[in-house]
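Enquirer: One file is attached below, final-v5.cif, containing mmCIF, C-alpha atoms.
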```cif
data_model
loop_
_atom_site.label_atom_id
_atom_site.label_comp_id
_atom_site.auth_asym_id
_atom_site.auth_seq_id
_atom_site.Cartn_x
_atom_site.Cartn_y
_atom_site.Cartn_z
CA GLY A 1003 115.20 115.90 96.34
CA ILE A 1004 115.95 112.60 98.12
CA LYS A 1005 112.44 111.27 97.37
CA MET A 1006 112.96 112.14 93.71
CA ILE A 1007 116.34 110.32 93.63
CA LYS A 1008 114.73 107.27 95.29
CA ALA A 1009 111.88 107.25 92.78
CA VAL A 1010 114.32 107.52 89.86
CA SER A 1011 116.50 104.69 91.24
CA ILE A 1012 113.45 102.46 91.79
CA LEU A 1013 112.32 103.17 88.22
CA ALA A 1014 115.84 102.42 86.89
CA PHE A 1015 115.85 99.17 88.87
CA TRP A 1016 112.48 98.10 87.46
CA VAL A 1017 113.49 98.99 83.92
CA SER A 1018 116.72 96.96 84.20
CA PHE A 1019 114.86 94.14 86.01
CA SER A 1020 112.24 93.94 83.24
CA PHE A 1021 114.99 93.86 80.60
CA CYS A 1022 116.75 91.03 82.47
CA GLN A 1023 113.40 89.23 82.63
CA ASN A 1024 112.92 89.70 78.90
CA ASP A 1025 116.48 88.51 78.18
CA SER A 1026 115.77 85.38 80.21
CA ILE A 1027 112.53 84.81 78.25
CA LEU A 1028 114.69 84.70 75.10
CA GLN A 1029 117.35 82.52 76.80
CA ASN A 1030 114.69 80.03 77.93
CA LEU A 1031 113.16 79.96 74.48
CA ILE A 1032 116.49 78.95 72.90
CA ALA A 1033 117.16 76.42 75.70
CA ASN A 1034 113.66 74.88 75.54
CA ARG A 1035 113.93 74.44 71.79
CA ASN A 1036 117.33 72.80 72.35
CA VAL A 1037 118.93 74.81 69.56
CA ASP A 1038 122.24 76.63 69.29
CA GLY A 1039 121.46 80.20 68.39
CA VAL A 1040 120.70 83.76 69.34
CA ILE A 1041 117.74 86.14 69.25
CA VAL A 1042 118.12 89.93 69.40
CA ILE A 1043 115.06 92.22 69.62
CA LYS A 1044 114.94 96.01 69.87
CA LYS A 1045 112.11 98.51 69.94
CA LEU A 1046 112.66 101.23 67.34
CA GLY A 1047 113.92 104.36 69.11
CA SER A 1048 114.91 102.51 72.30
CA SER A 1049 118.56 102.18 73.33
CA GLU A 1050 118.01 98.78 74.96
CA LEU A 1051 118.72 95.49 73.20
CA LEU A 1052 117.00 92.31 74.32
CA GLU A 1053 119.40 89.41 73.73
CA SER A 1054 119.31 85.71 74.47
CA ASP A 1055 123.14 85.69 74.48
CA SER A 1056 125.17 88.92 74.35
CA ILE A 1057 128.34 87.13 73.14
CA LYS A 1058 126.64 85.23 70.31
CA ALA A 1059 124.81 88.44 69.37
CA LYS A 1060 128.20 89.98 68.47
CA ASN A 1061 129.53 87.01 66.45
CA GLU A 1062 129.94 87.98 62.79
CA VAL A 1063 129.00 85.34 60.20
CA LEU A 1064 127.92 85.28 56.55
CA PRO A 1065 124.62 87.13 56.01
CA ALA A 1066 123.45 84.59 53.39
CA SER A 1067 120.19 85.71 51.77
CA THR A 1068 119.39 88.28 54.45
CA PHE A 1069 121.76 90.43 52.36
CA LYS A 1070 119.00 90.54 49.73
CA ILE A 1071 117.47 93.37 51.79
CA ALA A 1072 120.53 95.61 51.33
CA ASN A 1073 121.10 94.23 47.84
CA THR A 1074 117.57 95.16 46.75
CA LEU A 1075 118.01 98.69 48.13
CA ILE A 1076 121.35 99.15 46.32
CA ALA A 1077 119.99 97.74 43.04
CA LEU A 1078 116.79 99.82 43.07
CA ASP A 1079 118.45 103.03 44.21
CA GLY A 1080 121.23 102.81 41.63
CA GLY A 1081 118.73 102.14 38.83
CA TYR A 1082 120.20 98.68 38.11
CA ILE A 1083 116.70 97.20 38.23
CA SER A 1084 113.12 98.43 38.62
CA LEU A 1085 109.92 96.75 39.80
CA LYS A 1086 108.82 96.32 36.18
CA ASP A 1087 112.00 94.63 34.95
CA THR A 1088 112.17 90.90 34.29
CA ILE A 1089 115.26 88.86 35.12
CA ILE A 1090 115.32 86.33 32.28
CA TRP A 1091 115.89 82.68 33.17
CA ASP A 1092 118.66 81.05 31.11
CA GLY A 1093 116.92 77.65 31.05
CA LYS A 1094 119.40 75.94 33.40
CA ASP A 1095 117.84 73.66 36.00
CA ARG A 1096 119.09 74.81 39.40
CA GLY A 1097 117.31 72.12 41.40
CA ASN A 1098 114.64 74.46 42.73
CA PRO A 1099 111.35 74.59 40.75
CA GLN A 1100 110.69 78.16 41.95
CA TRP A 1101 114.04 79.29 40.55
CA ASN A 1102 113.53 77.63 37.15
CA GLN A 1103 111.65 80.57 35.63
CA SER A 1104 112.03 84.27 34.90
CA HIS A 1105 111.50 86.65 37.81
CA THR A 1106 110.85 90.22 38.84
CA ILE A 1107 112.85 91.63 41.76
CA ARG A 1108 109.79 91.05 43.97
CA SER A 1109 109.38 87.36 43.08
CA ALA A 1110 113.18 86.82 43.17
CA PHE A 1111 113.27 88.20 46.74
CA LYS A 1112 110.28 86.08 47.81
CA CYS A 1113 111.76 82.76 46.67
CA SER A 1114 115.34 83.84 47.49
CA CYS A 1115 116.47 83.21 43.92
CA VAL A 1116 120.28 83.11 44.01
CA TRP A 1117 120.91 83.20 40.24
CA CYS A 1118 118.62 86.26 39.91
CA TYR A 1119 120.69 88.21 42.42
CA GLU A 1120 123.90 86.96 40.79
CA LYS A 1121 122.69 88.59 37.54
CA ILE A 1122 122.02 91.83 39.42
CA GLU A 1123 125.45 91.50 41.07
CA LYS A 1124 127.17 91.26 37.67
CA LYS A 1125 125.44 94.51 36.62
CA ILE A 1126 126.50 96.38 39.74
CA GLY A 1127 130.06 95.03 40.05
CA ILE A 1128 132.13 94.20 43.10
CA LYS A 1129 133.78 97.65 43.24
CA ILE A 1130 130.45 99.44 43.72
CA TYR A 1131 129.32 96.85 46.26
CA ASN A 1132 132.45 97.43 48.35
CA GLN A 1133 131.88 101.19 48.16
CA GLU A 1134 128.20 100.87 49.10
CA LEU A 1135 128.85 98.43 51.96
CA GLU A 1136 131.39 100.85 53.39
CA ARG A 1137 129.03 103.81 52.91
CA ILE A 1138 126.04 102.17 54.63
CA GLN A 1139 128.27 100.40 57.20
CA TYR A 1140 126.69 96.99 56.62
CA GLY A 1141 128.31 94.39 58.90
CA ASN A 1142 132.08 94.29 58.36
CA ALA A 1143 131.47 96.41 55.22
CA THR A 1144 133.50 94.33 52.79
CA ALA A 1145 132.36 92.05 49.98
CA GLY A 1146 135.94 91.01 49.22
CA ALA A 1147 137.11 90.09 45.73
CA ILE A 1148 134.66 87.27 44.88
CA ASP A 1149 132.17 88.53 42.31
CA THR A 1150 129.69 85.64 42.55
CA SER A 1151 127.40 85.45 45.59
CA PHE A 1152 129.85 87.13 47.98
CA TRP A 1153 127.05 87.10 50.60
CA LEU A 1154 127.31 83.27 50.51
CA TYR A 1155 131.01 82.69 49.76
CA GLY A 1156 132.89 85.99 50.12
CA ASP A 1157 134.29 88.06 52.97
CA LEU A 1158 131.06 89.75 54.04
CA ARG A 1159 130.18 89.11 57.69
CA ILE A 1160 127.45 90.45 59.97
CA SER A 1161 126.34 89.86 63.56
CA ALA A 1162 122.79 89.72 64.92
CA GLU A 1163 123.39 93.10 66.60
CA GLN A 1164 124.61 94.58 63.31
CA GLN A 1165 121.55 93.19 61.50
CA VAL A 1166 119.33 95.05 63.98
CA ASP A 1167 121.40 98.24 63.61
CA PHE A 1168 121.18 98.08 59.80
CA LEU A 1169 117.40 97.49 59.86
CA GLU A 1170 116.90 100.35 62.33
CA ARG A 1171 118.69 102.71 59.94
CA LEU A 1172 116.68 101.32 57.03
CA ILE A 1173 113.33 101.93 58.81
CA SER A 1174 114.49 105.42 59.86
CA GLN A 1175 115.67 106.06 56.26
CA LYS A 1176 119.19 106.95 57.43
CA LEU A 1177 121.16 105.01 54.80
CA GLY A 1178 121.30 107.75 52.18
CA PHE A 1179 118.92 106.14 49.66
CA LYS A 1180 115.94 107.70 47.90
CA GLU A 1181 112.62 107.55 49.75
CA SER A 1182 111.08 105.45 46.95
CA SER A 1183 113.88 102.86 47.31
CA TYR A 1184 113.07 102.36 51.00
CA GLU A 1185 109.33 102.15 50.31
CA ILE A 1186 109.65 99.59 47.49
CA THR A 1187 112.13 97.47 49.46
CA GLU A 1188 109.86 97.44 52.51
CA ASP A 1189 106.89 96.44 50.38
CA ILE A 1190 108.92 93.58 48.85
CA MET A 1191 109.95 92.48 52.37
CA LYS A 1192 106.34 92.03 53.56
CA ASP A 1193 106.18 88.51 55.04
CA ILE A 1194 103.15 88.26 57.37
CA GLU A 1195 100.22 90.65 57.41
CA ASN A 1196 97.09 90.70 59.55
CA VAL A 1197 94.81 93.26 61.24
CA ASP A 1198 97.08 93.65 64.30
CA TYR A 1199 100.57 93.79 62.82
CA THR A 1200 102.76 93.41 59.73
CA ILE A 1201 106.10 91.58 59.69
CA TYR A 1202 108.72 92.58 57.11
CA ALA A 1203 111.52 90.03 56.97
CA LYS A 1204 114.01 87.85 55.12
CA THR A 1205 115.39 84.38 55.75
CA GLY A 1206 118.96 83.32 55.06
CA TRP A 1207 120.76 79.99 55.04
CA VAL A 1208 124.35 78.97 54.27
CA GLY A 1209 126.78 76.42 55.73
CA GLY A 1210 124.50 75.48 58.60
CA ILE A 1211 123.78 79.13 59.55
CA GLY A 1212 120.08 79.98 59.48
CA TRP A 1213 118.85 83.58 59.72
CA TYR A 1214 115.47 85.26 60.09
CA VAL A 1215 115.74 89.05 60.33
CA GLY A 1216 113.24 91.87 60.02
CA TYR A 1217 110.78 93.98 61.95
CA VAL A 1218 107.19 94.12 63.17
CA LYS A 1219 105.08 97.23 62.65
CA LYS A 1220 102.02 97.87 64.81
CA GLU A 1221 99.93 100.92 65.66
CA ASN A 1222 101.88 101.43 68.89
CA GLY A 1223 105.41 100.96 67.57
CA CYS A 1224 107.97 98.98 65.64
CA TRP A 1225 110.23 96.16 66.90
CA ILE A 1226 113.31 94.91 65.05
CA PHE A 1227 114.55 91.33 65.35
CA ALA A 1228 117.45 89.13 64.25
CA THR A 1229 117.40 85.39 64.88
CA ARG A 1230 120.35 83.19 63.95
CA LEU A 1231 120.54 79.43 64.44
CA SER A 1232 123.47 77.07 63.92
CA GLY A 1233 123.46 73.53 62.55
CA VAL A 1234 120.59 74.20 60.16
CA THR A 1235 120.09 71.57 57.46
CA LYS A 1236 117.31 70.82 54.98
CA ASP A 1237 116.39 67.70 56.92
CA ASN A 1238 116.50 68.63 60.61
CA GLY A 1239 113.51 71.02 60.65
CA LEU A 1240 115.55 74.05 61.72
CA LEU A 1241 114.73 75.95 58.50
CA LYS A 1242 111.17 76.27 59.86
CA THR A 1243 112.41 76.86 63.41
CA ARG A 1244 114.08 80.17 62.43
CA GLN A 1245 110.68 81.77 61.88
CA GLU A 1246 108.75 79.80 64.49
CA ILE A 1247 111.11 80.69 67.34
CA THR A 1248 111.07 84.37 66.32
CA ILE A 1249 107.27 84.50 66.29
CA GLU A 1250 107.22 82.70 69.65
CA ALA A 1251 109.69 85.24 71.08
CA LEU A 1252 107.58 88.16 69.87
CA LYS A 1253 104.48 86.57 71.44
CA ARG A 1254 106.17 85.85 74.76
CA LEU A 1255 107.38 89.44 74.94
CA LYS A 1256 103.77 90.51 74.21
CA ILE A 1257 104.88 92.39 71.09
CA ILE A 1258 102.38 90.48 68.95
#
```
Once more with this new file: its structure as structure tokens, please.

Expert:
Amino acid sequence: GIKMIKAVSILAFWVSFSFCQNDSILQNLIANRNVDGVIVIKKLGSSELLESDSIKAKNEVLPASTFKIANTLIALDGGYISLKDTIIWDGKDRGNPQWNQSHTIRSAFKCSCVWCYEKIEKKIGIKIYNQELERIQYGNATAGAIDTSFWLYGDLRISAEQQVDFLERLISQKLGFKESSYEITEDIMKDIENVDYTIYAKTGWVGGIGWYVGYVKKENGCWIFATRLSGVTKDNGLLKTRQEITIEALKRLKII
């Protein structure tokens, strides 16, 4: 009995030690890059969160375009848009060549087309969004009263930990949507694909906050991540850093 207890405590020590080691890998990564931010990583089905900073991981901020994951699910599941539908461009120049054209939901997601999702938002309406956010418990679960890009300007807030929780429930299909809605959304989210792994993800950027959230699927498991950086501008290179630092973290943790 005593030997068994000893063995269990040694195992528990090694498990917690390896998690502390992994946390410090993430801490060092943020420090070495000299950025203000947080990385949270979790293996699907595990109860342990790897975090570069447990306080920053709980800070709730605007989701920016990472909300397009939930938004796409809500729009597809409610029949507000299908893969075949075209979102017609109104001819206004919005300062982004990729946005100045008509889109499908897939291409709108890929180039993070704000006006496309604003059109979808008008169709759905703020009342249904507030109901759906509450139902799926997304972040602080409130869009507020603004009916134009509430994910950029409204009351919606989400932390890195909550991003991971939401994505875990999405992968496990525990959000109460149709199976086809999950499958189409995941396919649209595909960001990097090679023989060893596939990364499904979305970037987000508003008011200096830069997000990269998603998950990696491999033969031996699935890992969810949420990276958030502060002070991100078009000119300081941090837009690229969001993805680079996440990939680096996944490599250092030997996930990819």

Enquirer: Could you please determine the separation between atom CA of A:Gly1093 and atom CA of A:Ala1147 in Å, to one decimal place?

Expert: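 Distance reported for this atom pair: 27.9 Å.
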
Enquirer: Check which residues satisfy the PyMOL selection byres ((chain A and resi 1128) around 8) in the file shown, then give them as a ChimeraX atom specification.

Expert: /A:1123-1124,1126-1127,1129-1132,1145-1149

Enquirer: I need the output of the PyMOL selection byres ((chain A and resi 1240) around 12) for this file as an MDAnalysis selection string; which residues are they?

Expert: chainID A and resid 1035:1039 1205:1207 1210:1214 1229:1239 1241:1247

Enquirer: Can you list, as a list in words, every protein, DNA or RNA residue that comes within 7 Å of stretch 1162-1165 of chain A when you count all atoms listed in the file, leaving out same-chain residues fewer than 6 positions away?

Expert: Val1042, Ala1059, Lys1060, Gly1141, Ala1228 and Thr1229 of chain A

Enquirer: Rounded to one decimal, what separation in Å do you get between atom CA of A:Lys1112 and atom CA of A:Lys1086?

Expert: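 Going from atom CA of A:Lys1112 over to atom CA of A:Lys1086 covers 15.6 Å.
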
Enquirer: Can you turn the PyMOL selection byres ((chain A and resi 1138) around 9) into a concrete residue list for this file, as an mmCIF file with C-alpha atoms, keeping the file's coordinate frame?

Expert:
```cif
data_model
loop_
_atom_site.group_PDB
_atom_site.id
_atom_site.type_symbol
_atom_site.label_atom_id
_atom_site.label_comp_id
_atom_site.auth_asym_id
_atom_site.auth_seq_id
_atom_site.Cartn_x
_atom_site.Cartn_y
_atom_site.Cartn_z
ATOM 1 C CA GLN A 1133 131.880 101.190 48.160
ATOM 2 C CA GLU A 1134 128.200 100.870 49.100
ATOM 3 C CA LEU A 1135 128.850 98.430 51.960
ATOM 4 C CA GLU A 1136 131.390 100.850 53.390
ATOM 5 C CA ARG A 1137 129.030 103.810 52.910
ATOM 6 C CA GLN A 1139 128.270 100.400 57.200
ATOM 7 C CA TYR A 1140 126.690 96.990 56.620
ATOM 8 C CA ALA A 1143 131.470 96.410 55.220
ATOM 9 C CA PHE A 1168 121.180 98.080 59.800
ATOM 10 C CA LYS A 1176 119.190 106.950 57.430
ATOM 11 C CA LEU A 1177 121.160 105.010 54.800
ATOM 12 C CA GLY A 1178 121.300 107.750 52.180
#
```

Enquirer: Near A:Ile1027, counting all atoms listed in the file, which residues have an atom at most 10 Å away, once you skip same-chain residues fewer than 4 positions from it, shown as a PyMOL selection string?

Expert: chain A and resi 1021-1023+1031-1033+1052-1054+1251+1254-1255

Enquirer: Deliver the residues from the most recent selection as a file, using C-alpha atoms, as an mmCIF file, keeping the file's coordinate frame.

Expert:
```cif
data_model
loop_
_atom_site.group_PDB
_atom_site.id
_atom_site.type_symbol
_atom_site.label_atom_id
_atom_site.label_comp_id
_atom_site.auth_asym_id
_atom_site.auth_seq_id
_atom_site.Cartn_x
_atom_site.Cartn_y
_atom_site.Cartn_z
ATOM 1 C CA PHE A 1021 114.990 93.860 80.600
ATOM 2 C CA CYS A 1022 116.750 91.030 82.470
ATOM 3 C CA GLN A 1023 113.400 89.230 82.630
ATOM 4 C CA LEU A 1031 113.160 79.960 74.480
ATOM 5 C CA ILE A 1032 116.490 78.950 72.900
ATOM 6 C CA ALA A 1033 117.160 76.420 75.700
ATOM 7 C CA LEU A 1052 117.000 92.310 74.320
ATOM 8 C CA GLU A 1053 119.400 89.410 73.730
ATOM 9 C CA SER A 1054 119.310 85.710 74.470
ATOM 10 C CA ALA A 1251 109.690 85.240 71.080
ATOM 11 C CA ARG A 1254 106.170 85.850 74.760
ATOM 12 C CA LEU A 1255 107.380 89.440 74.940
#
```

Enquirer: Please write out, as AutoDock Vina command-line options, where the centre of an axis-aligned box around all listed atoms of stretch 1208-1218 of chain A lies and how long its edges are, in Å to one decimal, after adding 3 Å on each side.

Expert:
```
--center_x 117.0 --center_y 84.8 --center_z 58.7 --size_x 25.6 --size_y 24.6 --size_z 14.9
```

Enquirer: For A:Ala1072, which residue among A:Tyr1199, A:Phe1179, A:Tyr1217, A:Tyr1155 is the nearest when counting only C-alpha atoms?

Expert: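 Using only C-alpha atoms, A:Ala1072 sits closest to A:Phe1179.
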
Enquirer: Excluding A:Gly1223 and residues on its chain fewer than 5 positions from it, collect all residues at most 10 Å away from it, counting all atoms listed in the file, and give them as a PDB file with C-alpha atoms, keeping the file's coordinate frame.

Expert:
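Generated output (around_36.pdb):
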```
ATOM      1  CA  LYS A1045     112.110  98.510  69.940  1.00  0.00           C
ATOM      2  CA  LEU A1046     112.660 101.230  67.340  1.00  0.00           C
ATOM      3  CA  GLY A1047     113.920 104.360  69.110  1.00  0.00           C
ATOM      4  CA  TYR A1199     100.570  93.790  62.820  1.00  0.00           C
ATOM      5  CA  VAL A1218     107.190  94.120  63.170  1.00  0.00           C
ATOM      6  CA  ILE A1257     104.880  92.390  71.090  1.00  0.00           C
TER       7      ILE A1257
END
```

Enquirer: Would you mind reading off the distance between atom CA of A:Ile1089 and atom CA of A:Trp1117, one decimal, in Å?

Expert: 9.5 Å

Enquirer: Looking at A:Asn1142, A:Ser1174, A:Ile1186, A:Asp1055, which one is nearest to A:Leu1158, with distances taken over only C-alpha atoms?

Expert: A:Asn1142

Enquirer: Neighbouring residues of A:Ile1160 were defined as those with any atom within 6 Å, considering all atoms listed in the file; residues of the same chain fewer than 2 positions away were excluded. Please report them as an NGL selection string.

Expert: :A and (1062-1063 or 1065 or 1141)

Enquirer: Looking at all atoms listed in the file, which of A:Ser1182, A:Thr1068, A:Asn1196, A:Ser1104 is the one that sits closest to A:Leu1154?

Expert: A:Thr1068

Enquirer: So, with only C-alpha atoms as the atoms that count, which of A:Lys1058, A:Asn1222, A:Thr1248, A:Ile1258 lies closest to A:Glu1195?

Expert: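 Looking at the shortest contact to A:Glu1195, the residue is A:Ile1258.
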
Enquirer: Measuring atom to atom with all atoms listed in the file, identify which of A:Met1191, A:Ile1107, A:Ala1077, A:Leu1085 is nearest to A:Lys1125.

Expert: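 Counting all atoms listed in the file, the residue closest to A:Lys1125 is A:Ala1077.
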
Enquirer: Determine the nearest neighbour of A:Arg1108 from the options A:Asp1157, A:Asp1079, A:Asp1189, A:Glu1120, counting all atoms listed in the file.

Expert: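 Using all atoms listed in the file, the shortest distance to A:Arg1108 belongs to A:Asp1189.
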